[in-house]
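Quick look at upload-v8.tsv (TSV, C-alpha atoms and all ligand atoms):
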chain	number	residue	atom	x	y	z
I	794	MET	CA	33.02	-61.57	-52.86
I	795	ALA	CA	36.17	-59.99	-54.21
I	796	GLY	CA	36.89	-56.29	-53.94
I	797	VAL	CA	33.17	-55.53	-53.65
I	798	THR	CA	32.58	-51.82	-53.16
I	799	LYS	CA	29.45	-49.70	-52.95
I	800	THR	CA	29.45	-45.94	-52.99
I	801	PHE	CA	25.97	-44.45	-53.14
I	802	PRO	CA	25.59	-41.46	-55.46
I	803	GLY	CA	26.07	-38.22	-53.56
I	804	SER	CA	27.67	-39.76	-50.48
I	805	GLU	CA	31.22	-38.98	-49.49
I	806	GLY	CA	32.74	-42.30	-48.48
I	807	PRO	CA	31.80	-45.81	-49.55
I	808	ALA	CA	28.99	-47.62	-47.69
I	809	VAL	CA	30.95	-50.80	-48.30
I	810	ALA	CA	34.73	-50.63	-48.68
I	811	PRO	CA	36.43	-53.16	-50.94
I	812	LEU	CA	35.15	-56.31	-49.28
I	813	ASP	CA	36.68	-59.74	-49.72
I	814	LEU	CA	34.60	-62.44	-48.11
I	815	THR	CA	34.03	-66.11	-48.82
I	816	ILE	CA	30.77	-67.56	-47.61
I	817	PRO	CA	30.99	-71.35	-47.36
I	818	ALA	CA	28.12	-73.34	-48.88
I	819	GLY	CA	25.80	-75.06	-46.44
I	820	GLU	CA	26.91	-72.91	-43.53
I	821	LEU	CA	25.40	-70.01	-41.64
I	822	THR	CA	27.54	-66.89	-41.85
I	823	VAL	CA	26.63	-63.93	-39.65
I	824	LEU	CA	27.35	-60.32	-40.60
I	825	ILE	CA	27.55	-58.14	-37.52
I	826	GLY	CA	28.57	-54.54	-36.92
I	827	PRO	CA	27.30	-51.15	-35.78
I	828	SER	CA	24.29	-49.46	-37.36
I	829	GLY	CA	25.03	-48.04	-40.81
I	830	CYS	CA	28.17	-50.13	-41.37
I	831	GLY	CA	26.84	-51.59	-44.61
I	832	LYS	CA	25.32	-54.92	-43.58
I	833	THR	CA	22.04	-54.50	-45.46
I	834	THR	CA	23.87	-53.07	-48.47
I	835	THR	CA	26.16	-56.11	-48.54
I	836	LEU	CA	23.19	-58.51	-48.45
I	837	ARG	CA	21.38	-56.60	-51.17
I	838	MET	CA	24.40	-56.76	-53.46
I	839	ILE	CA	24.22	-60.57	-53.28
I	840	ASN	CA	20.74	-60.64	-54.86
I	841	ARG	CA	21.43	-57.53	-56.95
I	842	LEU	CA	18.87	-55.28	-55.31
I	843	VAL	CA	21.93	-53.03	-55.07
I	844	GLU	CA	24.57	-53.05	-57.83
I	845	PRO	CA	28.17	-52.89	-56.58
I	846	THR	CA	30.25	-49.90	-57.70
I	847	ALA	CA	33.20	-52.24	-58.20
I	848	GLY	CA	34.23	-55.81	-57.53
I	849	THR	CA	32.82	-59.23	-58.28
I	850	ILE	CA	30.42	-61.54	-56.49
I	851	THR	CA	30.43	-65.17	-57.55
I	852	ILE	CA	28.16	-68.00	-56.50
I	853	ASP	CA	29.55	-71.49	-57.08
I	854	GLY	CA	32.20	-69.93	-59.28
I	855	THR	CA	29.80	-68.00	-61.55
I	856	ASP	CA	29.68	-64.20	-61.59
I	857	ILE	CA	26.16	-63.23	-60.49
I	858	ARG	CA	25.95	-60.78	-63.42
I	859	GLU	CA	26.12	-63.68	-65.85
I	860	ARG	CA	22.75	-65.00	-64.74
I	861	SER	CA	19.39	-63.37	-65.37
I	862	LEU	CA	17.91	-61.52	-62.41
I	863	THR	CA	14.97	-63.91	-62.26
I	864	GLU	CA	17.19	-66.95	-62.24
I	865	LEU	CA	19.48	-65.43	-59.61
I	866	ARG	CA	16.68	-64.43	-57.25
I	867	ARG	CA	14.88	-67.74	-57.64
I	868	GLY	CA	17.88	-69.31	-55.94
I	869	ILE	CA	18.03	-66.76	-53.13
I	870	GLY	CA	15.43	-66.34	-50.40
I	871	TYR	CA	15.41	-62.92	-48.75
I	872	VAL	CA	14.05	-62.09	-45.29
I	873	ILE	CA	14.09	-58.30	-45.21
I	874	GLN	CA	14.76	-56.04	-42.24
I	875	GLN	CA	11.47	-55.07	-40.47
I	876	ILE	CA	9.79	-58.20	-41.88
I	877	GLY	CA	8.12	-56.36	-44.80
I	878	LEU	CA	5.05	-58.53	-45.31
I	879	PHE	CA	2.55	-57.23	-47.87
I	880	PRO	CA	-0.18	-55.74	-45.64
I	881	HIS	CA	-3.08	-56.23	-48.05
I	882	ARG	CA	-2.32	-59.84	-48.79
I	883	THR	CA	-3.22	-62.73	-46.52
I	884	ILE	CA	-0.53	-64.79	-44.80
I	885	ALA	CA	-1.04	-67.58	-47.36
I	886	GLN	CA	-0.67	-65.11	-50.24
I	887	ASN	CA	2.43	-63.62	-48.64
I	888	ILE	CA	4.07	-67.04	-48.33
I	889	ALA	CA	3.08	-67.83	-51.94
I	890	THR	CA	4.71	-64.68	-53.38
I	891	VAL	CA	7.61	-66.38	-55.14
I	892	PRO	CA	5.73	-69.52	-56.28
I	893	LYS	CA	3.18	-67.16	-57.84
I	894	LEU	CA	5.92	-65.20	-59.62
I	895	LEU	CA	7.29	-68.51	-60.88
I	896	GLY	CA	3.86	-69.47	-62.22
I	897	TRP	CA	3.32	-72.57	-60.05
I	898	ASP	CA	-0.19	-74.03	-60.33
I	899	LYS	CA	-2.69	-73.49	-57.55
I	900	ARG	CA	-2.58	-76.93	-56.06
I	901	THR	CA	1.24	-77.13	-55.88
I	902	THR	CA	1.35	-73.63	-54.37
I	903	ALA	CA	-1.31	-74.40	-51.75
I	904	ALA	CA	0.47	-77.60	-50.77
I	905	ARG	CA	3.75	-75.73	-50.44
I	906	VAL	CA	2.13	-73.03	-48.29
I	907	ASP	CA	0.74	-75.68	-45.95
I	908	GLU	CA	4.08	-77.41	-45.76
I	909	LEU	CA	5.92	-74.16	-44.94
I	910	ALA	CA	3.36	-73.08	-42.35
I	911	GLU	CA	3.93	-76.39	-40.63
I	912	LEU	CA	7.72	-76.02	-40.96
I	913	VAL	CA	7.92	-72.60	-39.30
I	914	GLY	CA	5.11	-73.22	-36.82
I	915	ILE	CA	2.27	-71.10	-38.21
I	916	GLU	CA	-1.17	-72.52	-37.51
I	917	ARG	CA	-3.41	-73.28	-40.51
I	918	GLU	CA	-6.09	-70.96	-39.21
I	919	MET	CA	-3.70	-67.99	-39.44
I	920	LEU	CA	-3.15	-68.42	-43.17
I	921	ARG	CA	-6.36	-66.55	-43.96
I	922	ARG	CA	-5.48	-63.58	-41.73
I	923	TYR	CA	-3.64	-60.40	-42.68
I	924	PRO	CA	-0.20	-59.49	-41.32
I	925	SER	CA	-1.61	-56.88	-38.90
I	926	GLU	CA	-3.60	-59.68	-37.25
I	927	LEU	CA	-0.44	-61.55	-36.25
I	928	SER	CA	2.05	-60.93	-33.45
I	929	GLY	CA	5.55	-59.72	-34.29
I	930	GLY	CA	7.03	-63.17	-33.74
I	931	GLN	CA	4.40	-64.82	-35.94
I	932	GLN	CA	5.05	-62.24	-38.68
I	933	GLN	CA	8.74	-63.05	-38.54
I	934	ARG	CA	7.98	-66.73	-39.04
I	935	VAL	CA	5.88	-65.82	-42.07
I	936	GLY	CA	8.81	-63.77	-43.37
I	937	VAL	CA	11.04	-66.85	-43.06
I	938	ALA	CA	8.39	-69.09	-44.68
I	939	ARG	CA	8.04	-66.65	-47.59
I	940	ALA	CA	11.80	-66.65	-48.14
I	941	LEU	CA	11.88	-70.46	-48.13
I	942	ALA	CA	8.90	-70.89	-50.48
I	943	ALA	CA	10.74	-71.91	-53.64
I	944	ASP	CA	13.31	-73.90	-51.62
I	945	PRO	CA	16.27	-71.70	-52.59
I	946	PRO	CA	19.74	-73.00	-51.74
I	947	ILE	CA	20.73	-69.53	-50.46
I	948	LEU	CA	18.97	-67.53	-47.77
I	949	LEU	CA	19.67	-63.89	-46.91
I	950	MET	CA	18.21	-62.87	-43.55
I	951	ASP	CA	18.38	-59.24	-42.46
I	952	GLU	CA	17.82	-59.04	-38.70
I	953	PRO	CA	15.11	-61.70	-38.98
I	954	PHE	CA	14.38	-61.74	-35.24
I	955	GLY	CA	14.96	-58.06	-34.52
I	956	ALA	CA	11.37	-57.16	-33.72
I	957	VAL	CA	10.57	-59.63	-30.94
I	958	ASP	CA	11.17	-59.96	-27.22
I	959	PRO	CA	14.12	-62.01	-25.91
I	960	ILE	CA	12.07	-65.13	-25.14
I	961	VAL	CA	10.42	-65.38	-28.55
I	962	ARG	CA	13.73	-64.45	-30.13
I	963	SER	CA	15.52	-67.27	-28.42
I	964	ARG	CA	12.78	-69.69	-29.48
I	965	LEU	CA	12.95	-68.53	-33.11
I	966	GLN	CA	16.75	-68.86	-33.00
I	967	HIS	CA	16.48	-72.45	-31.80
I	968	GLU	CA	13.95	-73.18	-34.53
I	969	LEU	CA	16.26	-71.72	-37.16
I	970	LEU	CA	19.16	-73.89	-35.94
I	971	ASP	CA	16.86	-76.90	-35.99
I	972	LEU	CA	15.66	-76.10	-39.52
I	973	GLN	CA	19.23	-75.48	-40.66
I	974	SER	CA	20.43	-78.82	-39.30
I	975	ARG	CA	17.93	-80.41	-41.69
I	976	MET	CA	18.10	-77.98	-44.65
I	977	ARG	CA	21.82	-77.16	-44.81
I	978	LYS	CA	21.21	-73.93	-46.73
I	979	THR	CA	23.84	-71.32	-47.34
I	980	ILE	CA	22.63	-68.59	-45.02
I	981	VAL	CA	23.88	-65.04	-44.59
I	982	LEU	CA	22.26	-63.54	-41.51
I	983	VAL	CA	22.60	-59.93	-40.37
I	984	THR	CA	22.29	-58.97	-36.73
I	985	HIS	CA	23.75	-56.48	-34.32
I	986	ASP	CA	23.18	-58.75	-31.36
I	987	ILE	CA	26.47	-60.46	-30.51
I	988	ASP	CA	24.75	-63.21	-28.51
I	989	GLU	CA	22.61	-64.02	-31.53
I	990	ALA	CA	25.71	-64.03	-33.76
I	991	VAL	CA	27.53	-66.43	-31.45
I	992	ALA	CA	24.51	-68.68	-30.99
I	993	LEU	CA	23.67	-69.01	-34.69
I	994	GLY	CA	26.83	-68.52	-36.72
I	995	ASP	CA	29.13	-71.20	-38.06
I	996	ARG	CA	31.25	-68.14	-38.86
I	997	VAL	CA	30.88	-64.52	-37.82
I	998	ALA	CA	32.10	-61.57	-39.91
I	999	VAL	CA	32.56	-58.36	-37.92
I	1000	LEU	CA	32.17	-55.20	-40.02
I	1001	ASN	CA	33.20	-51.68	-39.09
I	1002	VAL	CA	31.74	-48.40	-40.37
I	1003	GLY	CA	32.19	-48.09	-44.12
I	1004	GLY	CA	31.84	-51.84	-44.60
I	1005	VAL	CA	35.38	-52.58	-43.44
I	1006	LEU	CA	35.82	-56.25	-42.56
I	1007	GLU	CA	37.64	-56.44	-39.22
I	1008	GLN	CA	37.57	-60.19	-38.64
I	1009	VAL	CA	35.84	-63.32	-39.80
I	1010	ALA	CA	36.08	-66.43	-37.65
I	1011	ALA	CA	34.18	-69.21	-35.95
I	1012	PRO	CA	32.40	-67.84	-32.84
I	1013	ASP	CA	34.73	-69.56	-30.39
I	1014	ASP	CA	37.85	-68.27	-32.19
I	1015	LEU	CA	36.37	-64.79	-32.36
I	1016	LEU	CA	35.64	-64.74	-28.61
I	1017	ALA	CA	38.95	-66.35	-27.66
I	1018	GLU	CA	41.14	-64.24	-29.94
I	1019	PRO	CA	39.57	-61.01	-31.19
I	1020	ALA	CA	41.80	-59.60	-33.93
I	1021	ASN	CA	41.86	-56.03	-32.62
I	1022	GLU	CA	40.44	-53.48	-30.17
I	1023	PHE	CA	37.37	-52.77	-32.28
I	1024	VAL	CA	36.35	-56.43	-32.38
I	1025	ALA	CA	37.09	-56.88	-28.66
I	1026	ALA	CA	34.99	-53.82	-27.81
I	1027	PHE	CA	32.20	-55.01	-30.05
I	1028	LEU	CA	32.15	-58.46	-28.46
I	1029	GLY	CA	31.86	-56.77	-25.08
I	1030	ALA	CA	32.83	-57.96	-21.64
I	1031	GLU	CA	32.17	-61.53	-20.54
I	1032	ARG	CA	33.80	-63.07	-23.57
I	1033	SER	CA	34.73	-66.17	-21.56
I	1034	ILE	CA	31.20	-66.53	-20.23
I	1035	LYS	CA	29.92	-66.38	-23.80
I	1036	ARG	CA	32.45	-69.03	-24.82
I	1037	LEU	CA	31.07	-71.35	-22.13
I	1038	ALA	CA	27.87	-71.64	-24.15
I	1039	LEU	CA	29.77	-72.89	-27.20
I	1040	SER	CA	31.30	-76.08	-25.76
I	1041	GLY	CA	29.60	-79.16	-24.41
I	1042	VAL	CA	30.57	-80.98	-21.21
I	1043	MET	CA	31.61	-84.05	-23.19
I	1044	SER	CA	34.37	-81.98	-24.82
I	1045	LEU	CA	36.06	-81.76	-21.41
I	1046	HIS	CA	38.43	-84.18	-19.85
I	1047	LEU	CA	35.87	-85.62	-17.43
I	1048	ASP	CA	37.03	-86.57	-13.96
I	1049	PRO	CA	36.13	-90.09	-12.68
I	1050	GLY	CA	34.34	-88.21	-9.90
I	1051	PRO	CA	33.61	-88.93	-6.23
I	1052	VAL	CA	32.12	-92.36	-6.87
I	1053	VAL	CA	31.62	-95.57	-4.96
I	1054	ASP	CA	29.96	-98.81	-6.04
I	1055	ARG	CA	26.84	-99.81	-4.14
I	1056	ARG	CA	28.57	-103.10	-3.19
I	1057	ALA	CA	31.39	-101.24	-1.37
I	1058	SER	CA	32.09	-101.55	2.32
I	1059	ASP	CA	32.18	-98.60	4.71
I	1060	ALA	CA	36.00	-98.66	4.65
I	1061	GLU	CA	36.07	-98.57	0.83
I	1062	ALA	CA	33.60	-95.71	0.82
I	1063	ARG	CA	35.80	-93.72	3.21
I	1064	GLN	CA	38.77	-94.21	0.87
I	1065	ALA	CA	36.67	-93.05	-2.08
I	1066	LEU	CA	35.60	-90.04	-0.04
I	1067	GLU	CA	39.20	-89.10	0.59
I	1068	ARG	CA	40.10	-89.50	-3.10
I	1069	GLY	CA	37.12	-87.41	-4.16
I	1070	GLY	CA	37.97	-84.60	-1.76
I	1071	LEU	CA	34.29	-83.67	-1.27
I	1072	ASP	CA	31.83	-84.28	1.55
I	1073	TRP	CA	29.61	-86.55	-0.52
I	1074	LEU	CA	29.82	-89.62	-2.74
I	1075	ALA	CA	27.96	-90.67	-5.85
I	1076	VAL	CA	26.68	-94.22	-5.59
I	1077	LEU	CA	26.96	-96.34	-8.73
I	1078	ASP	CA	25.72	-99.76	-9.72
I	1079	GLY	CA	28.22	-100.60	-12.46
I	1080	ASP	CA	27.80	-97.60	-14.79
I	1081	ARG	CA	24.32	-96.77	-13.43
I	1082	PHE	CA	24.01	-93.71	-11.24
I	1083	LEU	CA	21.83	-94.31	-8.19
I	1084	GLY	CA	22.14	-91.05	-6.20
I	1085	TRP	CA	24.42	-89.55	-3.60
I	1086	VAL	CA	25.22	-90.09	0.07
I	1087	ALA	CA	26.67	-87.53	2.50
I	1088	ALA	CA	29.97	-88.20	4.26
I	1089	ALA	CA	28.16	-87.66	7.55
I	1090	ASP	CA	25.82	-90.57	6.77
I	1091	LEU	CA	28.62	-93.14	6.62
I	1092	ASP	CA	28.13	-95.00	9.88
I	1093	GLY	CA	29.93	-98.30	9.42
I	1094	ARG	CA	27.16	-100.00	7.45
I	1095	PRO	CA	27.89	-101.15	3.87
I	1096	ILE	CA	26.82	-98.66	1.16
I	1097	ALA	CA	24.03	-100.98	0.02
I	1098	ASP	CA	22.26	-100.30	3.35
I	1099	LEU	CA	22.19	-96.52	2.85
I	1100	GLN	CA	19.45	-94.71	0.95
I	1101	PRO	CA	21.03	-92.60	-1.85
I	1102	GLU	CA	19.44	-89.19	-2.40
I	1103	VAL	CA	18.47	-87.39	-5.59
I	1104	LEU	CA	21.35	-85.25	-6.91
I	1105	ARG	CA	20.85	-81.66	-7.97
I	1106	ALA	CA	24.38	-81.18	-9.29
I	1107	ARG	CA	23.63	-83.26	-12.35
I	1108	VAL	CA	23.75	-82.41	-16.07
I	1109	GLU	CA	23.04	-84.36	-19.24
I	1110	PRO	CA	25.85	-85.14	-21.71
I	1111	THR	CA	24.32	-82.56	-24.10
I	1112	ALA	CA	24.76	-79.74	-21.55
I	1113	THR	CA	27.01	-76.79	-22.35
I	1114	LEU	CA	29.80	-75.66	-20.04
I	1115	ARG	CA	27.61	-72.69	-19.22
I	1116	GLU	CA	24.80	-74.95	-18.04
I	1117	ALA	CA	27.27	-77.04	-16.02
I	1118	LEU	CA	28.65	-73.90	-14.38
I	1119	GLU	CA	25.13	-72.75	-13.52
I	1120	VAL	CA	24.39	-76.11	-11.90
I	1121	ILE	CA	27.63	-76.00	-9.94
I	1122	LEU	CA	26.92	-72.47	-8.70
I	1123	THR	CA	23.37	-73.25	-7.59
I	1124	SER	CA	23.92	-76.65	-6.01
I	1125	HIS	CA	26.45	-75.74	-3.31
I	1126	THR	CA	29.15	-78.09	-4.49
I	1127	SER	CA	32.15	-77.66	-6.78
I	1128	THR	CA	31.42	-80.67	-8.95
I	1129	ALA	CA	28.56	-81.58	-11.29
I	1130	LEU	CA	28.03	-85.14	-12.48
I	1131	VAL	CA	27.28	-85.98	-16.09
I	1132	VAL	CA	24.46	-88.52	-16.22
I	1133	ASP	CA	22.27	-89.59	-19.16
I	1134	ALA	CA	18.51	-89.36	-19.02
I	1135	ASP	CA	18.53	-93.18	-18.71
I	1136	GLY	CA	20.90	-93.05	-15.72
I	1137	THR	CA	24.24	-93.94	-17.33
I	1138	TYR	CA	27.09	-92.23	-15.49
I	1139	HIS	CA	29.74	-90.46	-17.61
I	1140	GLY	CA	31.97	-88.61	-15.13
I	1141	ALA	CA	32.33	-85.37	-13.25
I	1142	VAL	CA	32.74	-81.74	-14.31
I	1143	THR	CA	34.77	-79.56	-11.94
I	1144	LEU	CA	35.37	-75.82	-11.98
I	1145	GLU	CA	38.99	-76.62	-12.74
I	1146	ALA	CA	38.00	-78.71	-15.77
I	1147	ILE	CA	35.81	-75.86	-17.07
I	1148	ARG	CA	38.71	-73.45	-16.67
I	1149	GLU	CA	41.02	-75.83	-18.55
I	1150	GLY	CA	38.37	-76.25	-21.24
I	1151	LEU	CA	38.60	-72.52	-22.01
I	1152	ALA	CA	42.39	-72.42	-21.96
I	1153	ARG	CA	44.07	-72.36	-25.35
A	1	LIG	N1	19.89	-46.00	-51.12
A	1	LIG	C1	20.83	-45.36	-50.43
A	1	LIG	N2	21.29	-44.15	-50.80
A	1	LIG	C2	22.26	-43.52	-50.12
A	1	LIG	N3	22.86	-44.02	-49.01
A	1	LIG	C3	22.45	-45.21	-48.59
A	1	LIG	C4	21.41	-45.94	-49.25
A	1	LIG	N4	21.22	-47.11	-48.59
A	1	LIG	C5	22.09	-47.09	-47.55
A	1	LIG	N5	22.82	-45.96	-47.54
A	1	LIG	C6	23.89	-45.62	-46.57
A	1	LIG	O1	24.86	-46.62	-46.61
A	1	LIG	C7	25.34	-46.91	-45.32
A	1	LIG	C8	25.12	-48.38	-45.00
A	1	LIG	O2	23.73	-48.63	-44.91
A	1	LIG	P1	23.15	-50.08	-44.57
A	1	LIG	O3	21.68	-50.02	-44.66
A	1	LIG	O4	23.86	-51.08	-45.39
A	1	LIG	O5	23.61	-50.22	-43.05
A	1	LIG	P2	23.33	-51.39	-42.00
A	1	LIG	O6	24.66	-51.90	-41.56
A	1	LIG	O7	22.39	-52.37	-42.56
A	1	LIG	O8	22.67	-50.59	-40.78
A	1	LIG	P3	21.53	-51.03	-39.73
A	1	LIG	O9	22.20	-51.90	-38.73
A	1	LIG	O10	21.11	-49.74	-39.13
A	1	LIG	O11	20.45	-51.71	-40.51
A	1	LIG	C9	24.59	-45.97	-44.37
A	1	LIG	O12	25.41	-44.89	-44.10
A	1	LIG	C10	23.37	-45.56	-45.17
A	1	LIG	O13	22.94	-44.28	-44.81
A	2	MG	MG	20.44	-52.89	-42.08
Transcribe the structure of this file into structure tokens.
Ligand SMILES: Nc1ncnc2c1ncn2[C@@H]1O[C@H](COP(=O)(O)OP(=O)(O)OP(=O)(O)O)[C@@H](O)[C@H]1O
Ligand SMILES: [Mg+2]
Amino acid sequence: MAGVTKTFPGSEGPAVAPLDLTIPAGELTVLIGPSGCGKTTTLRMINRLVEPTAGTITIDGTDIRERSLTELRRGIGYVIQQIGLFPHRTIAQNIATVPKLLGWDKRTTAARVDELAELVGIEREMLRRYPSELSGGQQQRVGVARALAADPPILLMDEPFGAVDPIVRSRLQHELLDLQSRMRKTIVLVTHDIDEAVALGDRVAVLNVGGVLEQVAAPDDLLAEPANEFVAAFLGAERSIKRLALSGVMSLHLDPGPVVDRRASDAEARQALERGGLDWLAVLDGDRFLGWVAAADLDGRPIADLQPEVLRARVEPTATLREALEVILTSHTSTALVVDADGTYHGAVTLEAIREGLAR
């Protein structure tokens, strides 16, 4: 988008100020900002439901005005704010809206509806119902399925999960990320929930009233270095806590940890204990994690004679720093061990390492 402006007839200032924004293909870009700042207007200019007052929008280098409306919209799925299902059409008919417009035959359409229902997690039996007979979360899935029907490369989503409770919302967010990892669509998603923006966006564009772009950046860059006071205020307190959810434990410099091999003697274990600086030791068999023993249990016998216990301060390599911190805080020790589901030991996460991980 270059210099894209929208001033509605009769209004004083522009709803969208000259906006320059590049939306990378195959990525999910989030538009976020206070109510009335022009997010919906910006989306609707992309599929020409709203015509810009000035400026140019190009997709893959072509001005969107050079293509016919039908052709343009065929390539762009749109999930509208407040879901907007057609109340007098069944779920199946709602999902089939665009295929029907495109004149697909019945069999192809029905097959596509089944495929999409499966994709977004709508049960077959619901396809015959009407929107009012579905929960808010189910309706939102149908809205997503309808937008995906003709497999458009571009998807515009206007607060797609706005109408559901936090638990369903979080589930739908995970499903979207999962879908996106397979589909690699170019998605523009509007929200005013900063946690949602950070969780979903490859990039996040923060808009101010009047459609003024304050900053566009990857979530971690946005949280680490907000460009100005407005962005910082919008991101809210706890920016570092939010950043913890964006990095995985394997991105840290893992400590070897308080470890001892099961073949070690009591004397070797005591040395390991001193090196580790904690009151417990992880017992390994090569790179296999067996459990932990307390310092107080070392009684002169070799380690092999002790019975290692199950460790609570343990995270998988896929864990985020936030999850590791949670485990550390709830397990009464300052170190969490990174262990695979199959028992392979990777190293230790300390509070200090988490702090260093956020430093930049
Ligand atoms: N058709 C219209 N005619 C006149 N003004 C409009 C029209 N549509 C939107 N506006 C105004 O343009 C501004 C931006 O509206 P828009 O719907 O884009 O905001 P938004 O960021 O999506 O807000 P929200 O978060 O509440 O959905 C608002 O001040 C709104 O009142
Ligand atoms: Mg809106």
Q.
Could you check the closest approach to Val937 (chain I) for each of I:Val823, I:Ala904, I:Ile873, I:Leu865 and tell me which residue wins, using only C-alpha atoms?
A. I:Ile873
**Q.** Test item: residues no farther than 10 Å from ligand MG 2 (chain A), counting only C-alpha atoms and all ligand atoms, as a ChimeraX atom specification
**A.** /I:825-837,873-875,951-952,983-985
(Q) Which residues are near region 1130-1138 of chain I? Cut-off 9 Å, only C-alpha atoms, ignore same chain within fewer than 4 positions. Put them as a PyMOL selection string. (A) chain I and resi 1042-1043+1047+1050+1075+1077+1079-1083+1104+1106-1112+1117+1142-1143
Q) Hey, which of I:Ala998, I:Ile884, I:Ala1060, I:Ile1147 ends up closest to Leu1091 (chain I)? Count all atoms listed in the file. A)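 Between I:Ala998, I:Ile884, I:Ala1060, I:Ile1147, the residue approaching Leu1091 (chain I) most closely is I:Ala1060.
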Q: Just the residues within 12 Å of Leu1037 (chain I), please, counting only C-alpha atoms, with nothing from its chain fewer than 2 positions along; format it as an NGL selection string.
A: :I and (991-992 or 1012-1013 or 1016-1017 or 1031-1035 or 1039-1042 or 1044-1045 or 1112-1119 or 1144 or 1146-1152)
Export, as a short mmCIF file (atom, residue, chain, number, x, y, z; two decimals), in the coordinates of the input, the selected residues with C-alpha atoms.
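Saved file again30.cif follows:
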data_model
loop_
_atom_site.label_atom_id
_atom_site.label_comp_id
_atom_site.auth_asym_id
_atom_site.auth_seq_id
_atom_site.Cartn_x
_atom_site.Cartn_y
_atom_site.Cartn_z
CA VAL I 991 27.53 -66.43 -31.45
CA ALA I 992 24.51 -68.68 -30.99
CA PRO I 1012 32.40 -67.84 -32.84
CA ASP I 1013 34.73 -69.56 -30.39
CA LEU I 1016 35.64 -64.74 -28.61
CA ALA I 1017 38.95 -66.35 -27.66
CA GLU I 1031 32.17 -61.53 -20.54
CA ARG I 1032 33.80 -63.07 -23.57
CA SER I 1033 34.73 -66.17 -21.56
CA ILE I 1034 31.20 -66.53 -20.23
CA LYS I 1035 29.92 -66.38 -23.80
CA LEU I 1039 29.77 -72.89 -27.20
CA SER I 1040 31.30 -76.08 -25.76
CA GLY I 1041 29.60 -79.16 -24.41
CA VAL I 1042 30.57 -80.98 -21.21
CA SER I 1044 34.37 -81.98 -24.82
CA LEU I 1045 36.06 -81.76 -21.41
CA ALA I 1112 24.76 -79.74 -21.55
CA THR I 1113 27.01 -76.79 -22.35
CA LEU I 1114 29.80 -75.66 -20.04
CA ARG I 1115 27.61 -72.69 -19.22
CA GLU I 1116 24.80 -74.95 -18.04
CA ALA I 1117 27.27 -77.04 -16.02
CA LEU I 1118 28.65 -73.90 -14.38
CA GLU I 1119 25.13 -72.75 -13.52
CA LEU I 1144 35.37 -75.82 -11.98
CA ALA I 1146 38.00 -78.71 -15.77
CA ILE I 1147 35.81 -75.86 -17.07
CA ARG I 1148 38.71 -73.45 -16.67
CA GLU I 1149 41.02 -75.83 -18.55
CA GLY I 1150 38.37 -76.25 -21.24
CA LEU I 1151 38.60 -72.52 -22.01
CA ALA I 1152 42.39 -72.42 -21.96
#
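With only the atoms specified (only C-alpha atoms) counting, those residues at most 6 Å away from (34.8, -56.1, -48.7) are Gly796, Val797, Ala810, Pro811, Leu812 and Asp813 of chain I.
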Q) How far is it from CA of Gly848 (chain I) to CA of Glu1018 (chain I), in Å with one decimal? A)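 CA of Gly848 (chain I) sits 29.7 Å away from CA of Glu1018 (chain I).
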